[in-house]
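Data block below; observations after.
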Amino acid sequence: MILSLVVPTYNEKENIGQLIERIISLRTLIPSELFIVVVDDNSPDGTADVVKRLMTKYDNIRLIQRGAPNGLGSAYMDGFSYSFDNLGADYVGEMDADFQHPPETIPSMWEASNKGNDVVLASRYIEGGSSRGLSSSRKLVSKGANALTRAFLRIPVKDATTGFRIISARAAKGLFGYAVSAKGYAFQVESLYLYKKLGMSFSEVPFSFETRKSGETKLNFKEIYRFALTTIKTGVFGLKKRKGEDKDDERSDANFSRFGTTGEEESIGAVPQV
Ligand SMILES: Nc1nc2c(ncn2[C@@H]2O[C@H](COP(=O)(O)OP(=O)(O)OP(=O)(O)O)[C@@H](O)[C@H]2O)c(=O)[nH]1
Ligand SMILES: [Mg+2]
């Protein structure tokens, strides 16, 4: 089984090297071929140089370099696309570069994946999990985002906004057929919504969300606003199938030009819930 962990980075020079070393030290606990795919958006701090240096030491690291910050969603989509096309991945993983997602949780996530779960979420909000790395204001945002997601998208999990995940190829490949958000954190709930509509199985394993080790957050008010709007829109209108190069479609701003298109226009799950 091939697992490809995708790690988006923007100015994570202080974190990414240590993170890669720590993931690699767990290799024997993850009985599979493991790749780490870093998607860097031309970080001015030289994050990519750290990754390049480690690529001379380890043969299972890949680096996708993009021209400018282009959002979390599109970074994951590009990382997934690369993992399927070039590495033959059976599973893809999502994690932050800043140690908020402790690599030591990966083995228990991997175990849950191997029990046949398509979507394995590392969860702060089940027994054994915690969000101690979040400030009280960020806790409020996180709880609010989860409440909004529950109300509008009805996804059967406790932590719908977690960014620490392992997804089966059959689930993640479903994303390429739909107009999911290219930008930002909204991708996380839209993708879960789609997995639910595609009938995928879910599982949550507990983890402790830690404080960012170094560097600065990329979460801002604009992101929170976009997240809320996208969650509500998705709950009400569902997700559109991708229909090619429609420049007027606000959601086709996705930088997914090399992904397949369906030519169809119907939505999935377009059931008004409010
Ligand atoms: N390639 C790429 N990576 C990004 C972009 N935005 C965020 N990231 C990375 O995505 C991960 C999550 O971003 P964070 O800023 O840590 O978001 P967060 O965890 O919600 O915020 P903090 O709690 O403050 O860390 C980090 O590894 C970032 O470097 C982007 O536009 N492009
Ligand atoms: Mg973070």
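Chain identifiers are assigned as A, B, and so on, following the order in which chains appear in the structure tokens; residues are numbered from 1 within each chain, and ligands are numbered from 1 in order of appearance.
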
May I have the residues within 10 Å of A:Phe207 as number ranges by chain, using only C-alpha atoms and disregarding those fewer than 6 positions away in the same chain?
A: 100-102, 104-106, 108-109, 121-131, 164

Within 7 Å of ligand 2, counting only C-alpha atoms and all ligand atoms: which residues, as a ChimeraX atom specification?
/A:96,98,100,212,217

For the residues in the current selection, export C-alpha atoms as an mmCIF file, in the first residue's frame.
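The resulting selection_13.cif:
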data_model
loop_
_atom_site.group_PDB
_atom_site.id
_atom_site.type_symbol
_atom_site.label_atom_id
_atom_site.label_comp_id
_atom_site.auth_asym_id
_atom_site.auth_seq_id
_atom_site.Cartn_x
_atom_site.Cartn_y
_atom_site.Cartn_z
ATOM 1 C CA ASP A 96 0.067 21.050 8.397
ATOM 2 C CA ASP A 98 3.838 23.495 11.766
ATOM 3 C CA GLN A 100 0.057 21.253 15.187
ATOM 4 C CA ARG A 212 2.215 26.150 16.088
ATOM 5 C CA THR A 217 -0.625 31.650 10.860
#

What are the closest atom pairs, with distances in Å to one decimal, for all residues of stretch 86-156 of chain A lying within 10 Å of stretch 34-49 of chain A? Consider only C-alpha atoms, order rows by chain and residue number, and present the result as a tab-separated table.
residue	atom	partner	partner_atom	distance
A:Leu87	CA	A:Phe35	CA	8.1
A:Ala89	CA	A:Phe35	CA	8.7
A:Tyr91	CA	A:Leu34	CA	9.8
A:Val92	CA	A:Phe35	CA	9.3
A:Gly93	CA	A:Ile36	CA	9.0
A:Glu94	CA	A:Val37	CA	9.9
A:Ala97	CA	A:Val38	CA	9.0

Taking only C-alpha atoms and all ligand atoms and a cut-off of 8 Å, can you tell me which residues surround ligand 1, written as a ChimeraX atom specification?
/A:7-12,39-41,66,68-72,74-75,95-98,100,133-134,138,163,183-185,211-212,216-219

With only C-alpha atoms as the basis for distance, which of A:Val51, A:Ala228, A:Ile166, A:Met1 is at the shortest distance from A:Pro31?
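Counting only C-alpha atoms, the residue closest to A:Pro31 is A:Met1.
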
A straight line from atom CA of A:Leu175 to atom CA of A:Asn146 spans 21.1 Å

Go through A:Ser4, A:Pro107, A:Val157, A:Gly116 and flag the residue nearest A:Ser25, using only C-alpha atoms for the distances.
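Of the candidates, the smallest distance to A:Ser25 is held by A:Pro107.
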
What is the atom CA of A:Glu33 to atom CA of A:Val6 distance in Å?
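Taking atom CA of A:Glu33 as the start and atom CA of A:Val6 as the end point, the length is 14.1 Å.
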
Which of stretch 115-240 of chain A end up as helix (DSSP H, G or I) when DSSP is run on this backbone - answer as a PyMOL selection string?
chain A and resi 136-153+169-177+186-197+221-237

Selected residue of minimal separation from A:Val205 among A:Leu229, A:Met55, A:Leu63, A:Val119, counting only C-alpha atoms:
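For A:Val205, the nearest of the candidates is A:Val119.
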